Amino acid sequence: MSRVLILYGTTEGHTGRIARTIGDNLRADEVAADVVEAGPGAPSPVHYDAVIVAASVHAGAYQKPVCQWARRYAAALNDRPSAFVSISLGVLEKNPRVQRDVTTVVDRFLSAAGWRPTTVKMVAGALPYSRYNRMTRFIMKRIVARAGGDTDTSRDYEYTDWNELRNLTAVFAQRVRAEATAA
């Protein structure tokens with residue numbers, strides 16, 4: 001049975017939920033999956049047949065532990081099937097400038113790491129107003145208002161398309177099984 005590492009970075013916890021869901025989906029497709037938060041002690045990808053990395057965009061960048069890990073293990077990531085799942089609210093905006101900015105953040109990260117994933121997927125995240133401090137809530141409300149989004153700070157919003165994520169996982173599991181059969 002193939003083994004997949006799902007490494008993630010999260011700020012408010014939603015990316016962790018996405019990573020755990022990816023792991024559950026892979027296991028349902030009969031692929032062994034380990035879900036690990038990036039940081040000290042995160043495993044090397046050399047012990048896995050494939051890797052999925054999920055990270056969320058905050059202030060135009062991903063979590064530092066994810067960036068450091070990807071740079072450290074870029075060569076190993078490039079030697080096996082790998083996917084990068086970028087989580088941001090920017091993917092919801094239809095403004096071409098915002099779409100270019102979202103793509104630029106992804107490209108900058110991958111270029112700095114020296115990683116060429118076989119799959120890159122941009123996924124909508126969440127707006128957890130209840131987890132923000134007063135200042136972050138104020139800033140996020142202003143940003144979201146400019147984009148025409150949800151500004152009622154008395155509740156949280158989730159925009160992740162779980163079916164789209166399931167499809168991504170199914171295709172990735174199929175690729176991992178095919179590579180294992182070919183080896």
# chains A, B, ... in the order shown; residues from 1 in each chain; ligands from 1

$ residues_around --residues "A:Pro128" --least-positions-apart "5" --cutoff "12 Å" --atoms "only C-alpha atoms" --output "list in words"
Thr11, Glu12, Gly13, His14, Thr15, Leu89, Asn133, Thr136, Arg137, Met140, Lys141, Asp150, Thr151, Asp152, Thr153, Ser154, Arg155, Asp156, Tyr157, Glu158 and Tyr159 of chain A

$ select_by_dssp --residues "stretch 21-103 of chain A" --states "helix (DSSP H, G or I)" --output "PDB file with N, CA and C atoms, in the first residue's frame"
ATOM      1  N   THR A  21      -9.103  16.171   6.233  1.00  0.00           N
ATOM      2  CA  THR A  21     -10.084  15.677   5.274  1.00  0.00           C
ATOM      3  C   THR A  21      -9.389  15.009   4.090  1.00  0.00           C
ATOM      4  N   ILE A  22      -8.311  15.612   3.614  1.00  0.00           N
ATOM      5  CA  ILE A  22      -7.527  14.994   2.530  1.00  0.00           C
ATOM      6  C   ILE A  22      -7.038  13.616   2.981  1.00  0.00           C
ATOM      7  N   GLY A  23      -6.521  13.543   4.208  1.00  0.00           N
ATOM      8  CA  GLY A  23      -6.060  12.260   4.743  1.00  0.00           C
ATOM      9  C   GLY A  23      -7.179  11.240   4.818  1.00  0.00           C
ATOM     10  N   ASP A  24      -8.338  11.660   5.302  1.00  0.00           N
ATOM     11  CA  ASP A  24      -9.497  10.748   5.375  1.00  0.00           C
ATOM     12  C   ASP A  24      -9.909  10.275   3.985  1.00  0.00           C
ATOM     13  N   ASN A  25      -9.900  11.202   3.022  1.00  0.00           N
ATOM     14  CA  ASN A  25     -10.271  10.840   1.649  1.00  0.00           C
ATOM     15  C   ASN A  25      -9.287   9.838   1.059  1.00  0.00           C
ATOM     16  N   LEU A  26      -8.005  10.043   1.285  1.00  0.00           N
ATOM     17  CA  LEU A  26      -7.004   9.092   0.777  1.00  0.00           C
ATOM     18  C   LEU A  26      -7.179   7.718   1.404  1.00  0.00           C
ATOM     19  N   ARG A  27      -7.389   7.699   2.718  1.00  0.00           N
ATOM     20  CA  ARG A  27      -7.589   6.407   3.391  1.00  0.00           C
ATOM     21  C   ARG A  27      -8.842   5.706   2.870  1.00  0.00           C
ATOM     22  N   ALA A  28      -9.892   6.466   2.546  1.00  0.00           N
ATOM     23  CA  ALA A  28     -11.107   5.881   1.959  1.00  0.00           C
ATOM     24  C   ALA A  28     -10.810   5.297   0.577  1.00  0.00           C
ATOM     25  N   PRO A  45      10.105  13.771   3.428  1.00  0.00           N
ATOM     26  CA  PRO A  45       9.273  13.103   2.424  1.00  0.00           C
ATOM     27  C   PRO A  45       9.907  11.855   1.831  1.00  0.00           C
ATOM     28  N   VAL A  46      11.181  11.615   2.102  1.00  0.00           N
ATOM     29  CA  VAL A  46      11.845  10.454   1.501  1.00  0.00           C
ATOM     30  C   VAL A  46      11.244   9.134   1.974  1.00  0.00           C
ATOM     31  N   HIS A  47      10.521   9.141   3.067  1.00  0.00           N
ATOM     32  CA  HIS A  47       9.912   7.924   3.607  1.00  0.00           C
ATOM     33  C   HIS A  47       8.499   7.691   3.055  1.00  0.00           C
ATOM     34  N   LYS A  64       5.611  30.125   7.866  1.00  0.00           N
ATOM     35  CA  LYS A  64       7.072  29.946   7.779  1.00  0.00           C
ATOM     36  C   LYS A  64       7.502  28.485   7.882  1.00  0.00           C
ATOM     37  N   PRO A  65       6.955  27.698   8.808  1.00  0.00           N
ATOM     38  CA  PRO A  65       7.395  26.298   8.879  1.00  0.00           C
ATOM     39  C   PRO A  65       7.164  25.525   7.582  1.00  0.00           C
ATOM     40  N   VAL A  66       6.093  25.840   6.845  1.00  0.00           N
ATOM     41  CA  VAL A  66       5.839  25.176   5.565  1.00  0.00           C
ATOM     42  C   VAL A  66       6.896  25.608   4.554  1.00  0.00           C
ATOM     43  N   CYS A  67       7.189  26.908   4.499  1.00  0.00           N
ATOM     44  CA  CYS A  67       8.191  27.420   3.557  1.00  0.00           C
ATOM     45  C   CYS A  67       9.558  26.799   3.829  1.00  0.00           C
ATOM     46  N   GLN A  68       9.943  26.740   5.090  1.00  0.00           N
ATOM     47  CA  GLN A  68      11.244  26.165   5.454  1.00  0.00           C
ATOM     48  C   GLN A  68      11.309  24.684   5.101  1.00  0.00           C
ATOM     49  N   TRP A  69      10.250  23.952   5.388  1.00  0.00           N
ATOM     50  CA  TRP A  69      10.212  22.520   5.101  1.00  0.00           C
ATOM     51  C   TRP A  69      10.287  22.274   3.597  1.00  0.00           C
ATOM     52  N   ALA A  70       9.522  23.025   2.818  1.00  0.00           N
ATOM     53  CA  ALA A  70       9.520  22.840   1.359  1.00  0.00           C
ATOM     54  C   ALA A  70      10.896  23.146   0.767  1.00  0.00           C
ATOM     55  N   ARG A  71      11.557  24.187   1.256  1.00  0.00           N
ATOM     56  CA  ARG A  71      12.916  24.502   0.774  1.00  0.00           C
ATOM     57  C   ARG A  71      13.882  23.382   1.131  1.00  0.00           C
ATOM     58  N   ARG A  72      13.780  22.905   2.357  1.00  0.00           N
ATOM     59  CA  ARG A  72      14.701  21.865   2.833  1.00  0.00           C
ATOM     60  C   ARG A  72      14.559  20.572   2.026  1.00  0.00           C
ATOM     61  N   ALA A  74      12.955  20.145  -1.094  1.00  0.00           N
ATOM     62  CA  ALA A  74      12.521  20.350  -2.489  1.00  0.00           C
ATOM     63  C   ALA A  74      12.970  19.225  -3.407  1.00  0.00           C
ATOM     64  N   ALA A  75      14.211  18.788  -3.274  1.00  0.00           N
ATOM     65  CA  ALA A  75      14.717  17.731  -4.161  1.00  0.00           C
ATOM     66  C   ALA A  75      13.897  16.453  -3.998  1.00  0.00           C
ATOM     67  N   ALA A  76      13.596  16.074  -2.763  1.00  0.00           N
ATOM     68  CA  ALA A  76      12.796  14.870  -2.515  1.00  0.00           C
ATOM     69  C   ALA A  76      11.359  15.063  -3.016  1.00  0.00           C
ATOM     70  N   LEU A  77      10.820  16.264  -2.851  1.00  0.00           N
ATOM     71  CA  LEU A  77       9.465  16.535  -3.337  1.00  0.00           C
ATOM     72  C   LEU A  77       9.394  16.426  -4.859  1.00  0.00           C
ATOM     73  N   ASN A  78      10.453  16.869  -5.520  1.00  0.00           N
ATOM     74  CA  ASN A  78      10.481  16.824  -6.984  1.00  0.00           C
ATOM     75  C   ASN A  78      10.689  15.410  -7.525  1.00  0.00           C
ATOM     76  N   GLY A  90      -8.825  34.793  -1.578  1.00  0.00           N
ATOM     77  CA  GLY A  90      -8.651  35.478  -2.855  1.00  0.00           C
ATOM     78  C   GLY A  90      -9.190  34.691  -4.033  1.00  0.00           C
ATOM     79  N   VAL A  91      -9.234  33.367  -3.919  1.00  0.00           N
ATOM     80  CA  VAL A  91      -9.733  32.567  -5.046  1.00  0.00           C
ATOM     81  C   VAL A  91     -11.218  32.810  -5.296  1.00  0.00           C
ATOM     82  N   LEU A  92     -11.912  33.383  -4.326  1.00  0.00           N
ATOM     83  CA  LEU A  92     -13.340  33.660  -4.491  1.00  0.00           C
ATOM     84  C   LEU A  92     -13.596  34.907  -5.328  1.00  0.00           C
ATOM     85  N   PRO A  96      -9.673  40.188 -11.984  1.00  0.00           N
ATOM     86  CA  PRO A  96      -8.457  39.624 -12.577  1.00  0.00           C
ATOM     87  C   PRO A  96      -7.171  40.022 -11.835  1.00  0.00           C
ATOM     88  N   ARG A  97      -7.126  41.225 -11.300  1.00  0.00           N
ATOM     89  CA  ARG A  97      -5.934  41.652 -10.552  1.00  0.00           C
ATOM     90  C   ARG A  97      -5.750  40.795  -9.301  1.00  0.00           C
ATOM     91  N   VAL A  98      -6.838  40.519  -8.608  1.00  0.00           N
ATOM     92  CA  VAL A  98      -6.760  39.683  -7.406  1.00  0.00           C
ATOM     93  C   VAL A  98      -6.350  38.268  -7.785  1.00  0.00           C
ATOM     94  N   GLN A  99      -6.887  37.743  -8.884  1.00  0.00           N
ATOM     95  CA  GLN A  99      -6.512  36.405  -9.339  1.00  0.00           C
ATOM     96  C   GLN A  99      -5.024  36.334  -9.680  1.00  0.00           C
ATOM     97  N   ARG A 100      -4.498  37.384 -10.311  1.00  0.00           N
ATOM     98  CA  ARG A 100      -3.056  37.434 -10.602  1.00  0.00           C
ATOM     99  C   ARG A 100      -2.253  37.465  -9.300  1.00  0.00           C
ATOM    100  N   ASP A 101      -2.738  38.234  -8.322  1.00  0.00           N
ATOM    101  CA  ASP A 101      -2.041  38.308  -7.032  1.00  0.00           C
ATOM    102  C   ASP A 101      -2.003  36.948  -6.343  1.00  0.00           C
ATOM    103  N   VAL A 102      -3.116  36.226  -6.384  1.00  0.00           N
ATOM    104  CA  VAL A 102      -3.183  34.890  -5.777  1.00  0.00           C
ATOM    105  C   VAL A 102      -2.188  33.960  -6.463  1.00  0.00           C
ATOM    106  N   THR A 103      -2.168  33.987  -7.773  1.00  0.00           N
ATOM    107  CA  THR A 103      -1.235  33.148  -8.540  1.00  0.00           C
ATOM    108  C   THR A 103       0.212  33.546  -8.257  1.00  0.00           C
TER     109      THR A 103
END

$ residues_around --residues "A:Asp161" --least-positions-apart "5" --cutoff "12 Å" --atoms "only C-alpha atoms" --output "VMD selection string"
chain A and resid 18 21 87 91 to 92 121 to 126 166 to 168

$ select_by_dssp --residues "chain A" --states "strand (DSSP E or B)" --output "PyMOL selection string"
chain A and resi 3-9+32-37+50-56+58+61+82-88+119-124+126-127+157-158

$ residues_around --residues "A:Ala33" --least-positions-apart "6" --cutoff "6 Å" --atoms "only C-alpha atoms" --output "list of chain:residue names"
A:Arg3, A:Val4, A:Leu5, A:Gly23

$ write_last_selection --atoms "N, CA, C and O atoms" --output "PDB file, in the first residue's frame"
ATOM      1  N   ARG A   3       2.120   5.090   0.644  1.00  0.00           N
ATOM      2  CA  ARG A   3       2.027   5.993   1.801  1.00  0.00           C
ATOM      3  C   ARG A   3       2.159   7.431   1.316  1.00  0.00           C
ATOM      4  O   ARG A   3       3.071   7.751   0.556  1.00  0.00           O
ATOM      5  N   VAL A   4       1.260   8.277   1.795  1.00  0.00           N
ATOM      6  CA  VAL A   4       1.273   9.689   1.439  1.00  0.00           C
ATOM      7  C   VAL A   4       1.413  10.519   2.712  1.00  0.00           C
ATOM      8  O   VAL A   4       0.729  10.264   3.706  1.00  0.00           O
ATOM      9  N   LEU A   5       2.298  11.503   2.652  1.00  0.00           N
ATOM     10  CA  LEU A   5       2.430  12.475   3.727  1.00  0.00           C
ATOM     11  C   LEU A   5       1.599  13.694   3.358  1.00  0.00           C
ATOM     12  O   LEU A   5       1.715  14.205   2.244  1.00  0.00           O
ATOM     13  N   GLY A  23      -6.521  13.543   4.208  1.00  0.00           N
ATOM     14  CA  GLY A  23      -6.060  12.260   4.743  1.00  0.00           C
ATOM     15  C   GLY A  23      -7.179  11.240   4.818  1.00  0.00           C
ATOM     16  O   GLY A  23      -7.005  10.078   4.414  1.00  0.00           O
TER      17      GLY A  23
END

$ atom_distance --atom1 "atom CA of A:Ile6" --atom2 "atom CA of A:Ala19"
6.5 Å

$ atom_distance --atom1 "atom CA of A:Val85" --atom2 "atom CA of A:Gly9"
10.7 Å
